[in-house]
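Student: Structure: query03.cif, mmCIF, C-alpha atoms, pLDDT in the B column; chains and numbers go by the auth columns.
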```cif
data_work
#
loop_
_atom_site.group_PDB
_atom_site.id
_atom_site.type_symbol
_atom_site.label_atom_id
_atom_site.label_comp_id
_atom_site.label_asym_id
_atom_site.label_seq_id
_atom_site.Cartn_x
_atom_site.Cartn_y
_atom_site.Cartn_z
_atom_site.B_iso_or_equiv
_atom_site.auth_seq_id
_atom_site.auth_asym_id
ATOM 1 C CA MET A 1 10.386 47.842 -55.778 67.00 77 A
ATOM 2 C CA THR A 2 6.798 48.523 -56.737 59.00 78 A
ATOM 3 C CA GLU A 3 3.765 46.461 -55.863 52.00 79 A
ATOM 4 C CA GLU A 4 0.194 46.053 -56.968 54.00 80 A
ATOM 5 C CA THR A 5 -2.121 43.496 -55.424 52.00 81 A
ATOM 6 C CA GLY A 6 -5.178 41.910 -56.968 53.00 82 A
ATOM 7 C CA ASN A 7 -6.693 41.551 -60.361 49.00 83 A
ATOM 8 C CA ALA A 8 -9.407 44.123 -61.049 43.00 84 A
ATOM 9 C CA GLU A 9 -10.929 42.034 -63.835 50.00 85 A
ATOM 10 C CA THR A 10 -11.471 38.844 -61.827 57.00 86 A
ATOM 11 C CA GLY A 11 -11.227 39.960 -58.195 67.00 87 A
ATOM 12 C CA ALA A 12 -8.615 37.224 -57.697 90.00 88 A
ATOM 13 C CA LEU A 13 -5.892 37.557 -55.071 97.00 89 A
ATOM 14 C CA VAL A 14 -2.798 38.046 -57.226 98.00 90 A
ATOM 15 C CA LEU A 15 0.577 39.392 -56.143 98.00 91 A
ATOM 16 C CA ASN A 16 2.372 41.733 -58.550 98.00 92 A
ATOM 17 C CA LEU A 17 5.869 43.020 -57.799 98.00 93 A
ATOM 18 C CA GLU A 18 8.425 44.782 -59.952 98.00 94 A
ATOM 19 C CA CYS A 19 12.070 45.648 -59.382 96.00 95 A
ATOM 20 C CA LEU A 20 14.967 47.097 -61.331 97.00 96 A
ATOM 21 C CA LEU A 21 18.167 45.032 -61.260 97.00 97 A
ATOM 22 C CA ALA A 22 21.670 46.125 -62.284 95.00 98 A
ATOM 23 C CA ALA A 23 22.436 43.324 -64.746 97.00 99 A
ATOM 24 C CA PRO A 24 21.303 42.493 -68.293 97.00 100 A
ATOM 25 C CA PRO A 25 18.345 40.120 -68.842 98.00 101 A
ATOM 26 C CA GLU A 26 20.634 37.202 -69.740 98.00 102 A
ATOM 27 C CA GLY A 27 22.395 37.446 -66.380 97.00 103 A
ATOM 28 C CA ILE A 28 19.150 37.808 -64.435 98.00 104 A
ATOM 29 C CA PHE A 29 17.590 34.835 -66.242 98.00 105 A
ATOM 30 C CA ARG A 30 20.638 32.781 -65.260 98.00 106 A
ATOM 31 C CA MET A 31 20.159 33.887 -61.620 98.00 107 A
ATOM 32 C CA LEU A 32 16.533 32.682 -61.846 98.00 108 A
ATOM 33 C CA THR A 33 17.290 29.305 -63.408 98.00 109 A
ATOM 34 C CA GLU A 34 20.695 27.910 -62.393 97.00 110 A
ATOM 35 C CA PRO A 35 20.674 25.920 -59.127 97.00 111 A
ATOM 36 C CA SER A 36 23.962 27.345 -57.831 96.00 112 A
ATOM 37 C CA GLU A 37 22.721 30.891 -58.497 97.00 113 A
ATOM 38 C CA LEU A 38 19.249 30.309 -57.005 96.00 114 A
ATOM 39 C CA ALA A 39 20.817 29.006 -53.801 96.00 115 A
ATOM 40 C CA GLN A 40 22.573 32.383 -53.385 96.00 116 A
ATOM 41 C CA TRP A 41 19.409 34.477 -53.093 97.00 117 A
ATOM 42 C CA TRP A 42 16.152 32.491 -52.944 96.00 118 A
ATOM 43 C CA GLY A 43 13.984 32.790 -49.860 96.00 119 A
ATOM 44 C CA PRO A 44 13.433 35.278 -47.064 96.00 120 A
ATOM 45 C CA HIS A 45 16.302 36.717 -45.026 97.00 121 A
ATOM 46 C CA GLY A 46 17.907 34.032 -42.870 96.00 122 A
ATOM 47 C CA PHE A 47 16.631 31.127 -44.988 96.00 123 A
ATOM 48 C CA THR A 48 18.973 28.898 -46.964 96.00 124 A
ATOM 49 C CA ILE A 49 18.374 26.625 -49.933 96.00 125 A
ATOM 50 C CA PRO A 50 20.422 23.458 -49.312 96.00 126 A
ATOM 51 C CA ALA A 51 19.044 21.649 -52.380 97.00 127 A
ATOM 52 C CA VAL A 52 17.758 22.732 -55.791 97.00 128 A
ATOM 53 C CA GLU A 53 16.670 20.269 -58.443 97.00 129 A
ATOM 54 C CA LEU A 54 15.308 21.510 -61.744 96.00 130 A
ATOM 55 C CA ASN A 55 14.650 20.423 -65.294 98.00 131 A
ATOM 56 C CA LEU A 56 14.410 23.737 -67.154 98.00 132 A
ATOM 57 C CA THR A 57 12.127 22.668 -69.989 98.00 133 A
ATOM 58 C CA GLU A 58 8.430 23.208 -70.535 98.00 134 A
ATOM 59 C CA GLY A 59 6.782 20.387 -68.609 98.00 135 A
ATOM 60 C CA GLY A 60 9.970 19.920 -66.571 98.00 136 A
ATOM 61 C CA ARG A 61 9.775 19.876 -62.783 98.00 137 A
ATOM 62 C CA TYR A 62 11.678 21.634 -60.021 98.00 138 A
ATOM 63 C CA ARG A 63 11.999 21.108 -56.264 98.00 139 A
ATOM 64 C CA PHE A 64 13.659 23.322 -53.623 97.00 140 A
ATOM 65 C CA ARG A 65 14.462 22.425 -50.038 97.00 141 A
ATOM 66 C CA MET A 66 14.202 25.567 -47.897 96.00 142 A
ATOM 67 C CA ALA A 67 15.716 25.737 -44.417 97.00 143 A
ATOM 68 C CA PRO A 68 14.525 28.417 -41.999 96.00 144 A
ATOM 69 C CA PRO A 69 16.983 29.876 -39.470 94.00 145 A
ATOM 70 C CA ASP A 70 15.350 27.756 -36.744 93.00 146 A
ATOM 71 C CA GLY A 71 13.245 24.735 -37.536 91.00 147 A
ATOM 72 C CA GLU A 72 12.919 21.885 -39.961 94.00 148 A
ATOM 73 C CA PRO A 73 13.501 22.252 -43.709 96.00 149 A
ATOM 74 C CA PHE A 74 10.471 22.171 -45.975 95.00 150 A
ATOM 75 C CA HIS A 75 9.937 21.847 -49.730 97.00 151 A
ATOM 76 C CA LEU A 76 8.299 23.577 -52.645 96.00 152 A
ATOM 77 C CA SER A 77 7.961 22.215 -56.137 97.00 153 A
ATOM 78 C CA GLY A 78 6.232 22.742 -59.427 98.00 154 A
ATOM 79 C CA GLU A 79 6.264 22.455 -63.170 98.00 155 A
ATOM 80 C CA PHE A 80 7.640 24.832 -65.785 98.00 156 A
ATOM 81 C CA LEU A 81 4.830 26.033 -68.038 98.00 157 A
ATOM 82 C CA GLU A 82 6.844 28.440 -70.207 98.00 158 A
ATOM 83 C CA VAL A 83 10.603 28.852 -70.596 98.00 159 A
ATOM 84 C CA ASP A 84 11.617 31.703 -72.937 98.00 160 A
ATOM 85 C CA PRO A 85 15.214 32.761 -72.137 98.00 161 A
ATOM 86 C CA PRO A 86 15.993 35.476 -71.240 98.00 162 A
ATOM 87 C CA TRP A 87 12.560 37.086 -71.266 98.00 163 A
ATOM 88 C CA ARG A 88 10.030 34.929 -69.450 98.00 164 A
ATOM 89 C CA LEU A 89 9.675 32.074 -66.985 98.00 165 A
ATOM 90 C CA VAL A 90 6.284 30.701 -65.917 98.00 166 A
ATOM 91 C CA TYR A 91 5.817 27.857 -63.453 98.00 167 A
ATOM 92 C CA THR A 92 3.477 26.388 -60.868 98.00 168 A
ATOM 93 C CA PHE A 93 4.355 26.847 -57.194 98.00 169 A
ATOM 94 C CA GLU A 94 3.209 24.341 -54.600 97.00 170 A
ATOM 95 C CA TRP A 95 4.232 23.745 -50.995 95.00 171 A
ATOM 96 C CA GLU A 96 4.833 20.038 -50.398 94.00 172 A
ATOM 97 C CA GLU A 97 3.794 20.410 -46.755 89.00 173 A
ATOM 98 C CA PRO A 98 0.834 22.746 -47.297 86.00 174 A
ATOM 99 C CA THR A 99 -1.264 24.462 -44.697 89.00 175 A
ATOM 100 C CA PRO A 100 -5.046 24.323 -45.178 89.00 176 A
ATOM 101 C CA ASP A 101 -5.002 27.784 -46.819 92.00 177 A
ATOM 102 C CA ASP A 102 -2.356 26.854 -49.415 93.00 178 A
ATOM 103 C CA ARG A 103 -3.122 26.053 -52.997 95.00 179 A
ATOM 104 C CA LYS A 104 -1.079 25.695 -56.159 97.00 180 A
ATOM 105 C CA THR A 105 -0.360 29.095 -57.717 98.00 181 A
ATOM 106 C CA VAL A 106 1.285 30.203 -60.950 98.00 182 A
ATOM 107 C CA VAL A 107 4.403 32.384 -60.932 98.00 183 A
ATOM 108 C CA ASP A 108 5.053 34.505 -64.029 98.00 184 A
ATOM 109 C CA LEU A 109 8.454 36.230 -64.183 98.00 185 A
ATOM 110 C CA SER A 110 8.950 38.669 -67.064 98.00 186 A
ATOM 111 C CA LEU A 111 12.246 40.365 -67.831 98.00 187 A
ATOM 112 C CA GLN A 112 12.656 43.535 -69.864 98.00 188 A
ATOM 113 C CA ALA A 113 15.864 45.357 -70.733 98.00 189 A
ATOM 114 C CA ALA A 114 16.025 48.728 -68.962 97.00 190 A
ATOM 115 C CA GLY A 115 19.150 50.641 -69.931 94.00 191 A
ATOM 116 C CA SER A 116 22.080 48.481 -68.799 94.00 192 A
ATOM 117 C CA GLY A 117 19.835 46.649 -66.317 97.00 193 A
ATOM 118 C CA THR A 118 16.656 44.606 -66.206 98.00 194 A
ATOM 119 C CA ARG A 119 13.131 45.308 -65.081 98.00 195 A
ATOM 120 C CA LEU A 120 11.886 42.107 -63.421 98.00 196 A
ATOM 121 C CA ALA A 121 8.105 41.791 -63.052 98.00 197 A
ATOM 122 C CA LEU A 122 6.558 39.040 -60.959 98.00 198 A
ATOM 123 C CA SER A 123 2.941 37.958 -60.907 98.00 199 A
ATOM 124 C CA GLN A 124 1.792 35.095 -58.654 98.00 200 A
ATOM 125 C CA GLY A 125 -1.633 33.753 -57.824 98.00 201 A
ATOM 126 C CA PRO A 126 -4.410 33.282 -57.368 97.00 202 A
ATOM 127 C CA PHE A 127 -4.121 32.912 -53.599 97.00 203 A
ATOM 128 C CA LEU A 128 -6.881 31.576 -51.390 96.00 204 A
ATOM 129 C CA THR A 129 -6.456 34.142 -48.586 96.00 205 A
ATOM 130 C CA ASP A 130 -4.965 37.586 -47.989 96.00 206 A
ATOM 131 C CA GLU A 131 -2.680 35.986 -45.389 96.00 207 A
ATOM 132 C CA ARG A 132 -1.109 33.610 -47.932 96.00 208 A
ATOM 133 C CA LEU A 133 -0.660 36.479 -50.393 97.00 209 A
ATOM 134 C CA ALA A 134 1.045 38.524 -47.638 97.00 210 A
ATOM 135 C CA LEU A 135 3.358 35.598 -46.807 96.00 211 A
ATOM 136 C CA HIS A 136 4.458 35.366 -50.451 97.00 212 A
ATOM 137 C CA ARG A 137 4.761 39.168 -50.750 98.00 213 A
ATOM 138 C CA GLY A 138 7.210 39.112 -47.848 97.00 214 A
ATOM 139 C CA GLY A 139 9.125 36.137 -49.216 97.00 215 A
ATOM 140 C CA TRP A 140 9.496 37.561 -52.713 98.00 216 A
ATOM 141 C CA THR A 141 10.354 41.058 -51.449 98.00 217 A
ATOM 142 C CA GLU A 142 13.145 39.692 -49.249 98.00 218 A
ATOM 143 C CA SER A 143 14.313 37.326 -51.997 98.00 219 A
ATOM 144 C CA PHE A 144 14.598 40.220 -54.451 98.00 220 A
ATOM 145 C CA GLU A 145 16.527 42.206 -51.813 97.00 221 A
ATOM 146 C CA LYS A 146 18.934 39.272 -51.504 98.00 222 A
ATOM 147 C CA LEU A 147 19.200 39.031 -55.316 98.00 223 A
ATOM 148 C CA GLN A 148 20.072 42.739 -55.494 97.00 224 A
ATOM 149 C CA ALA A 149 22.703 42.264 -52.768 97.00 225 A
ATOM 150 C CA VAL A 150 24.304 39.355 -54.675 97.00 226 A
ATOM 151 C CA LEU A 151 24.439 41.462 -57.842 97.00 227 A
ATOM 152 C CA GLU A 152 25.955 44.405 -55.942 95.00 228 A
ATOM 153 C CA SER A 153 28.593 42.168 -54.351 96.00 229 A
ATOM 154 C CA ARG A 154 29.677 41.073 -57.840 91.00 230 A
ATOM 155 C CA GLY A 155 29.994 44.647 -59.049 80.00 231 A
#
```
Give the structure from the file, written as structure tokens.
Tutor:
Amino acid sequence: MTEETGNAETGALVLNLECLLAAPPEGIFRMLTEPSELAQWWGPHGFTIPAVELNLTEGGRYRFRMAPPDGEPFHLSGEFLEVDPPWRLVYTFEWEEPTPDDRKTVVDLSLQAAGSGTRLALSQGPFLTDERLALHRGGWTESFEKLQAVLESRG
């Protein structure tokens, strides 16, 4: 996984991650957009996703309930801004129980065929603080590790 933080043109706090996955773009897009698939890998290690609701259309909404290993579940939601299967998915990301340093961000997931696999590039931001960017960096990094493990378990 590679990472680049920030946007040199604007100085904004933007997270950029990229990983190579061993499945074609169509399969990866399905993993990113089908509730039963998302529940298999979304969230940091130890977290579960007991509920996923989504309307996969531009202007459609989504809502995830995330459950940490210890503690109360919490929610994130947003709106799909662009849905271009299997190449691109853009949506807003907003915690429903925000901390003072949270703000709505935009997630842009781009998929590109890479041999028999897929190069998945994520951009998210802008964040208000370095701490919030670091929290999301950790969450996405662990989520992508879980996604890779699910793909490996399926052969």
Student: Near A:Tyr167, counting all atoms listed in the file, which residues have an atom at most 9 Å away, once you skip same-chain residues fewer than 3 positions from it, shown as a PyMOL selection string?
Tutor: chain A and resi 134+137+154-159+181-185
Student: Since we have the selection now, will you write its residues out, keeping C-alpha atoms, as a PDB file, in the coordinates of the input?
Tutor:
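Below is the file part24.pdb, written as the result:
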```
ATOM      1  CA  GLU A 134       8.430  23.208 -70.535  1.00 98.00           C
ATOM      2  CA  ARG A 137       9.775  19.876 -62.783  1.00 98.00           C
ATOM      3  CA  GLY A 154       6.232  22.742 -59.427  1.00 98.00           C
ATOM      4  CA  GLU A 155       6.264  22.455 -63.170  1.00 98.00           C
ATOM      5  CA  PHE A 156       7.640  24.832 -65.785  1.00 98.00           C
ATOM      6  CA  LEU A 157       4.830  26.033 -68.038  1.00 98.00           C
ATOM      7  CA  GLU A 158       6.844  28.440 -70.207  1.00 98.00           C
ATOM      8  CA  VAL A 159      10.603  28.852 -70.596  1.00 98.00           C
ATOM      9  CA  THR A 181      -0.360  29.095 -57.717  1.00 98.00           C
ATOM     10  CA  VAL A 182       1.285  30.203 -60.950  1.00 98.00           C
ATOM     11  CA  VAL A 183       4.403  32.384 -60.932  1.00 98.00           C
ATOM     12  CA  ASP A 184       5.053  34.505 -64.029  1.00 98.00           C
ATOM     13  CA  LEU A 185       8.454  36.230 -64.183  1.00 98.00           C
TER      14      LEU A 185
END
```
Student: Around all the atoms of stretch 155-163 of chain A listed in the file, draw an axis-aligned box and extend it by 5 Å on each of the six sides; I want its centre and edge lengths in Å to one decimal, as JSON.
Tutor:
```
{"center_x": 10.4, "center_y": 29.8, "center_z": -68.1, "size_x": 21.2, "size_y": 24.6, "size_z": 19.8}
```
Student: Written as a PyMOL selection string, which residues does the PyMOL selection byres ((chain A and resi 193) around 6) give for the file shown?
Tutor: chain A and resi 97-100+190-192+194
Student: Exactly which residues make up the result of the PyMOL selection byres ((chain A and resi 115) around 8) on this file, given as number ranges by chain?
Tutor: A: 111-114, 116-118, 124-128
Student: Find the spatial neighbours of A:Glu172, counting all atoms listed in the file, within a cut-off of 6 Å - ignore same-chain residues fewer than 2 positions away - and output them as a ChimeraX atom specification.
Tutor: /A:151-152,174
Student: Exactly which residues make up the result of the PyMOL selection byres ((chain A and resi 178) around 12) on this file, given as JSON, numbers by chain?
Tutor: {"A": [152, 169, 170, 171, 172, 173, 174, 175, 176, 177, 179, 180, 181, 201, 202, 203, 204, 205, 206, 207, 208, 209, 211, 212]}
Student: Since fewer atoms than expected are present, regenerate N, CA and C atoms for stretch 87-111 of chain A and write them as a compact mmCIF listing (two decimals), in the frame of the given file.
Tutor:
```
# COMPACT_ATOMS: atom_id res chain seq x y z
N GLY A 87 -11.12 39.90 -59.64
CA GLY A 87 -11.23 39.96 -58.20
C GLY A 87 -10.34 38.95 -57.51
N ALA A 88 -9.49 38.25 -58.26
CA ALA A 88 -8.62 37.22 -57.70
C ALA A 88 -7.51 37.86 -56.87
N LEU A 89 -7.01 37.11 -55.89
CA LEU A 89 -5.89 37.56 -55.07
C LEU A 89 -4.60 37.21 -55.80
N VAL A 90 -4.01 38.22 -56.44
CA VAL A 90 -2.80 38.05 -57.23
C VAL A 90 -1.76 39.04 -56.73
N LEU A 91 -0.54 38.55 -56.55
CA LEU A 91 0.58 39.39 -56.14
C LEU A 91 1.32 39.86 -57.38
N ASN A 92 1.58 41.16 -57.47
CA ASN A 92 2.37 41.73 -58.55
C ASN A 92 3.47 42.58 -57.94
N LEU A 93 4.71 42.26 -58.26
CA LEU A 93 5.87 43.02 -57.80
C LEU A 93 6.75 43.33 -59.00
N GLU A 94 7.50 44.41 -58.88
CA GLU A 94 8.43 44.78 -59.95
C GLU A 94 9.67 45.38 -59.32
N CYS A 95 10.83 45.03 -59.87
CA CYS A 95 12.07 45.65 -59.38
C CYS A 95 13.03 45.86 -60.55
N LEU A 96 13.94 46.78 -60.34
CA LEU A 96 14.97 47.10 -61.33
C LEU A 96 16.28 46.52 -60.82
N LEU A 97 16.93 45.71 -61.64
CA LEU A 97 18.17 45.03 -61.26
C LEU A 97 19.31 45.47 -62.16
N ALA A 98 20.51 45.60 -61.57
CA ALA A 98 21.67 46.12 -62.28
C ALA A 98 22.45 45.02 -62.98
N ALA A 99 21.79 44.33 -63.91
CA ALA A 99 22.44 43.32 -64.75
C ALA A 99 21.55 43.11 -65.97
N PRO A 100 22.11 42.70 -67.09
CA PRO A 100 21.30 42.49 -68.29
C PRO A 100 20.36 41.29 -68.13
N PRO A 101 19.31 41.22 -68.95
CA PRO A 101 18.34 40.12 -68.84
C PRO A 101 18.98 38.73 -68.87
N GLU A 102 20.00 38.53 -69.67
CA GLU A 102 20.63 37.20 -69.74
C GLU A 102 21.21 36.80 -68.38
N GLY A 103 21.83 37.73 -67.69
CA GLY A 103 22.40 37.45 -66.38
C GLY A 103 21.32 37.20 -65.33
N ILE A 104 20.24 37.99 -65.38
CA ILE A 104 19.15 37.81 -64.44
C ILE A 104 18.45 36.47 -64.69
N PHE A 105 18.23 36.12 -65.94
CA PHE A 105 17.59 34.84 -66.24
C PHE A 105 18.43 33.68 -65.68
N ARG A 106 19.73 33.80 -65.81
CA ARG A 106 20.64 32.78 -65.26
C ARG A 106 20.48 32.71 -63.73
N MET A 107 20.35 33.87 -63.08
CA MET A 107 20.16 33.89 -61.62
C MET A 107 18.84 33.22 -61.23
N LEU A 108 17.85 33.26 -62.11
CA LEU A 108 16.53 32.68 -61.85
C LEU A 108 16.46 31.19 -62.15
N THR A 109 17.45 30.66 -62.88
CA THR A 109 17.29 29.30 -63.41
C THR A 109 18.45 28.35 -63.14
N GLU A 110 19.58 28.81 -62.67
CA GLU A 110 20.70 27.91 -62.39
C GLU A 110 20.73 27.59 -60.89
N PRO A 111 20.74 26.30 -60.54
CA PRO A 111 20.67 25.92 -59.13
C PRO A 111 21.70 26.62 -58.24
```
